[in-house]
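Enquirer: Here it is, the structure in full.
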Amino acid sequence: MGAVPRHHPPTEEAIQAMNVLRFIRRVIYGLCAIVGAVVVLIIAISAITLKFFPEAKHPVPESAVLTLDLADGLSERGATGPLAWASFGRGLTIRDLVQGLDAAGRDKRVKGLVARLGAGELQMARAQEIRDAILAFRQHGKFAVAFAETFGEVGEGNTHYYLATAFDEIWLQPSGDVGLNGVRLESPYFKPALDAMGVVTRIDQREEYKGAFDPLTSASMPPAVRENYQRLVDSWVQQIADGIAQGRKLDPAAARALIDRGPFLADEAVKEKLVDHLGYWDEVVKAVDERAKAGPETATAKTERMSLANYAADLVPPGNAPRIALVFGLGPVQLTEHKANPLFSEVTMDSDSVSHAIRDAAADAAVRAIVFRVDSPGGSYVASDTIWRAVDQARAGGKPVIVTMGDVAASGGYFVAAPATQIVAQPGTLTGSIGVISGKVVLSDMWAKLNVAWDGVQAGTNADIESMNHDYSAAGWSRLEVALDHVYGDFMTKVGAGRKMPVDRVRAVAKGQVWTGADAHANGLVDELGGYMAALKLARKAANIADDAPVDLVEYPEVDNSLTGLLQRLTDPGSAEDAVQLARLVRVLEPIARVLAPVVEGSSTNNLRMPLLQRSE
């Protein structure tokens, strides 16, 4: 019989600690209750408002100048959660912007566009998507004026200025500058620190360019990865230089030399013909109003400004327009259905919802073609394969699938695109990264330094294959190598089948290499350069729809934004845990977390992930 435990009354310190914990718990519960009450109140008010005061339309003035401010934000997909439903608006999306400018170019009431640039994150592919839309808008005889307080202080100077060169007139605030100084890619390398802590990395990859976990296994950038990244930045900078030369009517060599001489102060930018005028926003507005009135058709009309977001929101295709489905594949690829956060709507490409959306669109007789928008760095191999199957079946069943790539469609993000009818990417899109990486970190030496011993029992030779407290056995490492070879072979085979390329040719552009869209196009991984409009053109052609015929671009799955649908999402059993997401707003160690997450979160034998890149401009 064992000894009877003796119970001692809690000490004063323990009582104080418990009281603090109770207080913290009450605060957390109180905050959750407040948030819940506010959301319910917003929904109730919005429901009443929408019932008795339907959403107002935005009539287009007889003489209109559209306005765009990138600082307001621009997303791939509009918000569909309760905050968006409750009159916060879904915000301007890339698709809204492109289709809005396409319609405005043909609208005689719209005289021009004035845009505020310089603030906010702007990757190359997104800048090119907007840039193409601006240039097409101008081809209809419309003017386009860009203004920035500065190019670079609060945004990404190179890409914001690159976008500005699509406008026929550029204004810069006298205190601003043009941060045209080239592009740098850099990554943290933790191996010396991990060695000091006793953390051992046991990782392998297919092949030498697949550098997703190099920060854990190397003390500096490996030569093959350095070669790959140098090719990327050279391609981006050349694209920027070509855009400057075209937009500012400069010699291409001179435009490239300007990048090496930047950044430029405001007066230097005028001297180098990088900007047309120095002035403040009120001066820009006055000049734009005068320019809008200069035409004979508007000499007597009052010019009014209208946001591009409002203009695009009221665009409605004819009721008999052919239907084209739009499916989004955004964020890391993950297995199983992801419960959408009802408040913050985390973005992931989960295999269940995306594959179902593609299958539903393929089965819908009213859908003539599918446009699949992919913006993803990759992730789970199995999840990618599930989506690949849906795309492959849709195409085999006679439904054209046109992929349009956003800023990045690499590794698993390219895997899901491979069987599409055609693939469209911007010249600056990051794509490819055909390869696989796998492994784990081993903490046994670290535990030994801390005088912590792990022990246990197991049944099965490889039961500890994923344990971070034990190194791989010979049998375990052998199984890992077999899995890597299988995944890599399957990846290349499916790319070859989709792109109609022999596997040897696929391997030459694989090995984990990341390509810009321009280089991917030259290597046969992409069919055409462009964005939404290029994809829609290909979709029309594949579906035998006239080039100039309007189409009804319908998102699949169609989200139920009614009050009933909203309440169903809010009361989902999984949504209660979403309050924990608030704690994730503070990510002090985000770079380390992003590198370690694929290793510590689950099985590491199926990772189709592109490298962690930090771009510096």
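By order in the structure tokens, chains are A, B, ...; within a chain, residues start at 1; ligands start at 1, following the order shown.
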Give me, as a PyMOL selection string, all polymer residues having an atom no more than 10 Å from Trp447 in chain A, counting only C-alpha atoms and skipping those fewer than 3 positions away in the same chain.
Expert: chain A and resi 197-199+442-444+450-454+469
Enquirer: Env of range 137-146 of chain A: 10 Å cut, atoms = only C-alpha atoms, seq-sep filter 5 positions within chain, self excluded. Answer as JSON, numbers by chain.
Expert: {"A": [65, 66, 67, 68, 69, 98, 100, 101, 102, 103, 104, 105, 106, 107, 108, 110, 111, 112, 113, 114, 115, 116, 117, 118, 131, 132, 161, 163, 164, 165, 166, 167, 168, 169, 170, 171, 172, 275, 284, 285, 287, 288, 291, 292]}
Enquirer: Show me, as a PDB file with N, CA and C atoms, in the first residue's frame, the residues that have an atom within 8 Å of range 407-412 of chain A when counting only C-alpha atoms, minus same-chain residues fewer than 2 positions from it.
Expert:
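Final file, selection_3.pdb:
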```pdb
ATOM      1  N   GLN A 123       4.141  44.449 -54.150  1.00  0.00           N
ATOM      2  CA  GLN A 123       5.057  43.520 -54.788  1.00  0.00           C
ATOM      3  C   GLN A 123       5.050  43.725 -56.302  1.00  0.00           C
ATOM      4  N   MET A 124       6.044  43.163 -56.983  1.00  0.00           N
ATOM      5  CA  MET A 124       6.224  43.399 -58.408  1.00  0.00           C
ATOM      6  C   MET A 124       5.015  42.958 -59.232  1.00  0.00           C
ATOM      7  N   ALA A 125       4.525  41.747 -59.019  1.00  0.00           N
ATOM      8  CA  ALA A 125       3.437  41.239 -59.853  1.00  0.00           C
ATOM      9  C   ALA A 125       2.185  42.088 -59.692  1.00  0.00           C
ATOM     10  N   ARG A 126       1.898  42.505 -58.476  1.00  0.00           N
ATOM     11  CA  ARG A 126       0.721  43.346 -58.254  1.00  0.00           C
ATOM     12  C   ARG A 126       0.899  44.701 -58.923  1.00  0.00           C
ATOM     13  N   VAL A 333      -0.778  26.255 -48.783  1.00  0.00           N
ATOM     14  CA  VAL A 333      -1.615  25.092 -49.093  1.00  0.00           C
ATOM     15  C   VAL A 333      -1.640  24.180 -47.877  1.00  0.00           C
ATOM     16  N   VAL A 374      -4.248  31.992 -58.377  1.00  0.00           N
ATOM     17  CA  VAL A 374      -3.338  31.356 -57.420  1.00  0.00           C
ATOM     18  C   VAL A 374      -2.338  32.388 -56.908  1.00  0.00           C
ATOM     19  N   ASP A 375      -2.263  32.511 -55.600  1.00  0.00           N
ATOM     20  CA  ASP A 375      -1.249  33.350 -54.957  1.00  0.00           C
ATOM     21  C   ASP A 375      -0.819  32.613 -53.701  1.00  0.00           C
ATOM     22  N   SER A 376       0.215  31.787 -53.833  1.00  0.00           N
ATOM     23  CA  SER A 376       0.566  30.871 -52.747  1.00  0.00           C
ATOM     24  C   SER A 376       2.040  30.486 -52.809  1.00  0.00           C
ATOM     25  N   PRO A 377       2.703  30.404 -51.625  1.00  0.00           N
ATOM     26  CA  PRO A 377       4.096  29.946 -51.585  1.00  0.00           C
ATOM     27  C   PRO A 377       4.222  28.434 -51.493  1.00  0.00           C
ATOM     28  N   GLY A 378       3.072  27.720 -51.480  1.00  0.00           N
ATOM     29  CA  GLY A 378       3.103  26.271 -51.372  1.00  0.00           C
ATOM     30  C   GLY A 378       2.774  25.787 -49.976  1.00  0.00           C
ATOM     31  N   GLY A 379       3.077  24.511 -49.712  1.00  0.00           N
ATOM     32  CA  GLY A 379       2.756  23.918 -48.419  1.00  0.00           C
ATOM     33  C   GLY A 379       2.682  22.415 -48.524  1.00  0.00           C
ATOM     34  N   SER A 380       1.571  21.841 -48.105  1.00  0.00           N
ATOM     35  CA  SER A 380       1.400  20.391 -48.041  1.00  0.00           C
ATOM     36  C   SER A 380       1.375  19.755 -49.429  1.00  0.00           C
ATOM     37  N   TYR A 381       2.142  18.692 -49.594  1.00  0.00           N
ATOM     38  CA  TYR A 381       2.146  17.947 -50.852  1.00  0.00           C
ATOM     39  C   TYR A 381       0.804  17.262 -51.080  1.00  0.00           C
ATOM     40  N   SER A 384      -1.835  19.767 -51.945  1.00  0.00           N
ATOM     41  CA  SER A 384      -1.614  20.241 -53.305  1.00  0.00           C
ATOM     42  C   SER A 384      -2.096  19.207 -54.320  1.00  0.00           C
ATOM     43  N   MET A 405      -1.703  33.862 -62.079  1.00  0.00           N
ATOM     44  CA  MET A 405      -0.864  33.878 -60.893  1.00  0.00           C
ATOM     45  C   MET A 405      -0.722  35.297 -60.351  1.00  0.00           C
ATOM     46  N   TYR A 414       2.640  26.114 -57.548  1.00  0.00           N
ATOM     47  CA  TYR A 414       2.787  25.775 -58.965  1.00  0.00           C
ATOM     48  C   TYR A 414       2.215  24.383 -59.242  1.00  0.00           C
ATOM     49  N   PHE A 415       2.350  23.482 -58.288  1.00  0.00           N
ATOM     50  CA  PHE A 415       1.834  22.114 -58.431  1.00  0.00           C
ATOM     51  C   PHE A 415       0.349  22.151 -58.800  1.00  0.00           C
ATOM     52  N   VAL A 416      -0.444  22.972 -58.090  1.00  0.00           N
ATOM     53  CA  VAL A 416      -1.886  22.998 -58.332  1.00  0.00           C
ATOM     54  C   VAL A 416      -2.219  23.606 -59.684  1.00  0.00           C
ATOM     55  N   GLN A 426       2.411  37.261 -64.252  1.00  0.00           N
ATOM     56  CA  GLN A 426       3.045  38.541 -64.510  1.00  0.00           C
ATOM     57  C   GLN A 426       4.559  38.322 -64.658  1.00  0.00           C
ATOM     58  N   GLY A 428       6.850  39.640 -63.095  1.00  0.00           N
ATOM     59  CA  GLY A 428       7.481  39.662 -61.784  1.00  0.00           C
ATOM     60  C   GLY A 428       6.980  38.625 -60.812  1.00  0.00           C
ATOM     61  N   THR A 429       6.048  37.767 -61.225  1.00  0.00           N
ATOM     62  CA  THR A 429       5.540  36.708 -60.351  1.00  0.00           C
ATOM     63  C   THR A 429       6.666  35.753 -59.967  1.00  0.00           C
ATOM     64  N   LEU A 430       6.704  35.348 -58.702  1.00  0.00           N
ATOM     65  CA  LEU A 430       7.617  34.292 -58.263  1.00  0.00           C
ATOM     66  C   LEU A 430       6.928  32.953 -58.479  1.00  0.00           C
ATOM     67  N   THR A 431       7.536  32.075 -59.254  1.00  0.00           N
ATOM     68  CA  THR A 431       6.895  30.799 -59.549  1.00  0.00           C
ATOM     69  C   THR A 431       7.951  29.709 -59.693  1.00  0.00           C
ATOM     70  N   GLY A 432       7.490  28.505 -60.013  1.00  0.00           N
ATOM     71  CA  GLY A 432       8.408  27.370 -60.112  1.00  0.00           C
ATOM     72  C   GLY A 432       8.644  26.734 -58.757  1.00  0.00           C
ATOM     73  N   SER A 433       9.906  26.715 -58.331  1.00  0.00           N
ATOM     74  CA  SER A 433      10.306  26.054 -57.080  1.00  0.00           C
ATOM     75  C   SER A 433       9.835  24.608 -57.057  1.00  0.00           C
ATOM     76  N   ILE A 434      10.051  23.918 -58.178  1.00  0.00           N
ATOM     77  CA  ILE A 434       9.650  22.511 -58.300  1.00  0.00           C
ATOM     78  C   ILE A 434      10.673  21.669 -57.559  1.00  0.00           C
ATOM     79  N   GLY A 435      10.297  21.207 -56.405  1.00  0.00           N
ATOM     80  CA  GLY A 435      11.199  20.439 -55.548  1.00  0.00           C
ATOM     81  C   GLY A 435      10.486  20.095 -54.256  1.00  0.00           C
ATOM     82  N   VAL A 436      11.203  19.482 -53.355  1.00  0.00           N
ATOM     83  CA  VAL A 436      10.608  19.080 -52.081  1.00  0.00           C
ATOM     84  C   VAL A 436      11.685  19.096 -51.009  1.00  0.00           C
ATOM     85  N   GLY A 512      14.214  22.804 -57.498  1.00  0.00           N
ATOM     86  CA  GLY A 512      13.897  23.820 -56.493  1.00  0.00           C
ATOM     87  C   GLY A 512      14.111  25.243 -56.957  1.00  0.00           C
ATOM     88  N   VAL A 514      13.594  28.891 -58.230  1.00  0.00           N
ATOM     89  CA  VAL A 514      12.507  29.860 -58.255  1.00  0.00           C
ATOM     90  C   VAL A 514      12.743  30.789 -59.441  1.00  0.00           C
ATOM     91  N   LEU A 608       6.124  21.054 -49.903  1.00  0.00           N
ATOM     92  CA  LEU A 608       6.344  21.755 -51.159  1.00  0.00           C
ATOM     93  C   LEU A 608       6.270  23.237 -50.841  1.00  0.00           C
ATOM     94  N   ARG A 609       7.376  23.775 -50.414  1.00  0.00           N
ATOM     95  CA  ARG A 609       7.383  25.146 -49.900  1.00  0.00           C
ATOM     96  C   ARG A 609       8.542  25.913 -50.521  1.00  0.00           C
ATOM     97  N   MET A 610       8.269  27.178 -50.875  1.00  0.00           N
ATOM     98  CA  MET A 610       9.350  27.997 -51.419  1.00  0.00           C
ATOM     99  C   MET A 610      10.132  28.640 -50.287  1.00  0.00           C
TER     100      MET A 610
END
```
Enquirer: Which of range 66-130 of chain A counts as alpha helix (DSSP H) under DSSP, as a short mmCIF file (atom, residue, chain, number, x, y, z; two decimals) with C-alpha atoms, in the first residue's frame please?
Expert:
```cif
data_model
loop_
_atom_site.label_atom_id
_atom_site.label_comp_id
_atom_site.auth_asym_id
_atom_site.auth_seq_id
_atom_site.Cartn_x
_atom_site.Cartn_y
_atom_site.Cartn_z
CA PRO A 82 -19.40 39.89 -40.54
CA LEU A 83 -17.41 43.10 -40.35
CA ILE A 94 -7.30 43.66 -57.71
CA ARG A 95 -10.16 42.29 -59.82
CA ASP A 96 -12.32 45.35 -59.04
CA LEU A 97 -9.51 47.67 -60.05
CA VAL A 98 -8.72 45.89 -63.31
CA GLN A 99 -12.33 45.43 -64.41
CA GLY A 100 -13.25 48.93 -63.23
CA LEU A 101 -10.53 50.56 -65.32
CA ASP A 102 -11.40 48.36 -68.27
CA ALA A 103 -15.02 49.59 -68.16
CA ALA A 104 -14.00 53.18 -67.42
CA GLY A 105 -11.75 53.25 -70.46
CA MET A 124 6.22 43.40 -58.41
CA ALA A 125 3.44 41.24 -59.85
CA ARG A 126 0.72 43.35 -58.25
CA ALA A 127 2.37 46.54 -59.49
CA GLN A 128 2.44 45.04 -62.99
CA GLU A 129 -1.23 44.04 -62.83
CA ILE A 130 -2.21 47.62 -61.96
#
```
Enquirer: List the spatial neighbours of Ala325 in chain A as a PDB file with N, CA and C atoms, in the first residue's frame - criterion: any atom at most 9 Å away, only C-alpha atoms, same-chain residues fewer than 5 positions off excluded.
Expert:
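What ended up in out.pdb:
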```pdb
ATOM      1  N   ILE A 358     -13.705  24.064 -57.308  1.00  0.00           N
ATOM      2  CA  ILE A 358     -13.379  23.732 -58.699  1.00  0.00           C
ATOM      3  C   ILE A 358     -14.341  22.684 -59.240  1.00  0.00           C
ATOM      4  N   ALA A 361     -17.785  24.246 -59.878  1.00  0.00           N
ATOM      5  CA  ALA A 361     -17.771  25.070 -61.081  1.00  0.00           C
ATOM      6  C   ALA A 361     -17.729  24.195 -62.333  1.00  0.00           C
ATOM      7  N   ALA A 362     -16.957  23.110 -62.271  1.00  0.00           N
ATOM      8  CA  ALA A 362     -16.866  22.207 -63.423  1.00  0.00           C
ATOM      9  C   ALA A 362     -18.191  21.507 -63.700  1.00  0.00           C
ATOM     10  N   VAL A 367     -21.522  27.349 -66.357  1.00  0.00           N
ATOM     11  CA  VAL A 367     -20.142  27.840 -66.344  1.00  0.00           C
ATOM     12  C   VAL A 367     -19.438  27.409 -67.620  1.00  0.00           C
ATOM     13  N   ARG A 368     -18.926  28.378 -68.366  1.00  0.00           N
ATOM     14  CA  ARG A 368     -18.275  28.076 -69.638  1.00  0.00           C
ATOM     15  C   ARG A 368     -16.780  27.813 -69.469  1.00  0.00           C
ATOM     16  N   ALA A 369     -16.170  28.390 -68.432  1.00  0.00           N
ATOM     17  CA  ALA A 369     -14.738  28.210 -68.180  1.00  0.00           C
ATOM     18  C   ALA A 369     -14.472  28.583 -66.725  1.00  0.00           C
ATOM     19  N   ILE A 370     -13.296  28.198 -66.249  1.00  0.00           N
ATOM     20  CA  ILE A 370     -12.896  28.489 -64.870  1.00  0.00           C
ATOM     21  C   ILE A 370     -11.609  29.295 -64.901  1.00  0.00           C
ATOM     22  N   VAL A 371     -11.594  30.416 -64.176  1.00  0.00           N
ATOM     23  CA  VAL A 371     -10.370  31.175 -63.943  1.00  0.00           C
ATOM     24  C   VAL A 371      -9.939  30.873 -62.510  1.00  0.00           C
ATOM     25  N   PHE A 372      -8.740  30.333 -62.356  1.00  0.00           N
ATOM     26  CA  PHE A 372      -8.218  29.917 -61.056  1.00  0.00           C
ATOM     27  C   PHE A 372      -7.100  30.877 -60.677  1.00  0.00           C
ATOM     28  N   ASP A 552     -19.950  37.208 -67.170  1.00  0.00           N
ATOM     29  CA  ASP A 552     -20.317  37.284 -65.760  1.00  0.00           C
ATOM     30  C   ASP A 552     -19.307  36.457 -64.974  1.00  0.00           C
ATOM     31  N   LEU A 553     -18.349  37.134 -64.320  1.00  0.00           N
ATOM     32  CA  LEU A 553     -17.295  36.451 -63.559  1.00  0.00           C
ATOM     33  C   LEU A 553     -17.816  36.218 -62.148  1.00  0.00           C
ATOM     34  N   VAL A 554     -18.143  34.966 -61.833  1.00  0.00           N
ATOM     35  CA  VAL A 554     -18.815  34.614 -60.583  1.00  0.00           C
ATOM     36  C   VAL A 554     -17.869  33.820 -59.700  1.00  0.00           C
ATOM     37  N   GLU A 555     -17.737  34.258 -58.458  1.00  0.00           N
ATOM     38  CA  GLU A 555     -16.844  33.579 -57.527  1.00  0.00           C
ATOM     39  C   GLU A 555     -17.458  32.276 -57.026  1.00  0.00           C
ATOM     40  N   TYR A 556     -16.675  31.228 -57.018  1.00  0.00           N
ATOM     41  CA  TYR A 556     -17.075  29.925 -56.460  1.00  0.00           C
ATOM     42  C   TYR A 556     -16.137  29.579 -55.313  1.00  0.00           C
TER      43      TYR A 556
END
```
Enquirer: Show which residues sit within 7 Å of range 214-226 of chain A, as a ChimeraX atom specification. Count only C-alpha atoms, and ignore same-chain residues fewer than 6 positions away.
Expert: /A:188-192,201,208
Enquirer: For a quick check of understanding, using only C-alpha atoms, which of A:Asp314, A:Asp195, A:Asp242, A:Glu76 has the smallest distance to Leu326 in chain A?
Expert: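 When distances to Leu326 in chain A are compared using only C-alpha atoms, the smallest one comes from A:Glu76.
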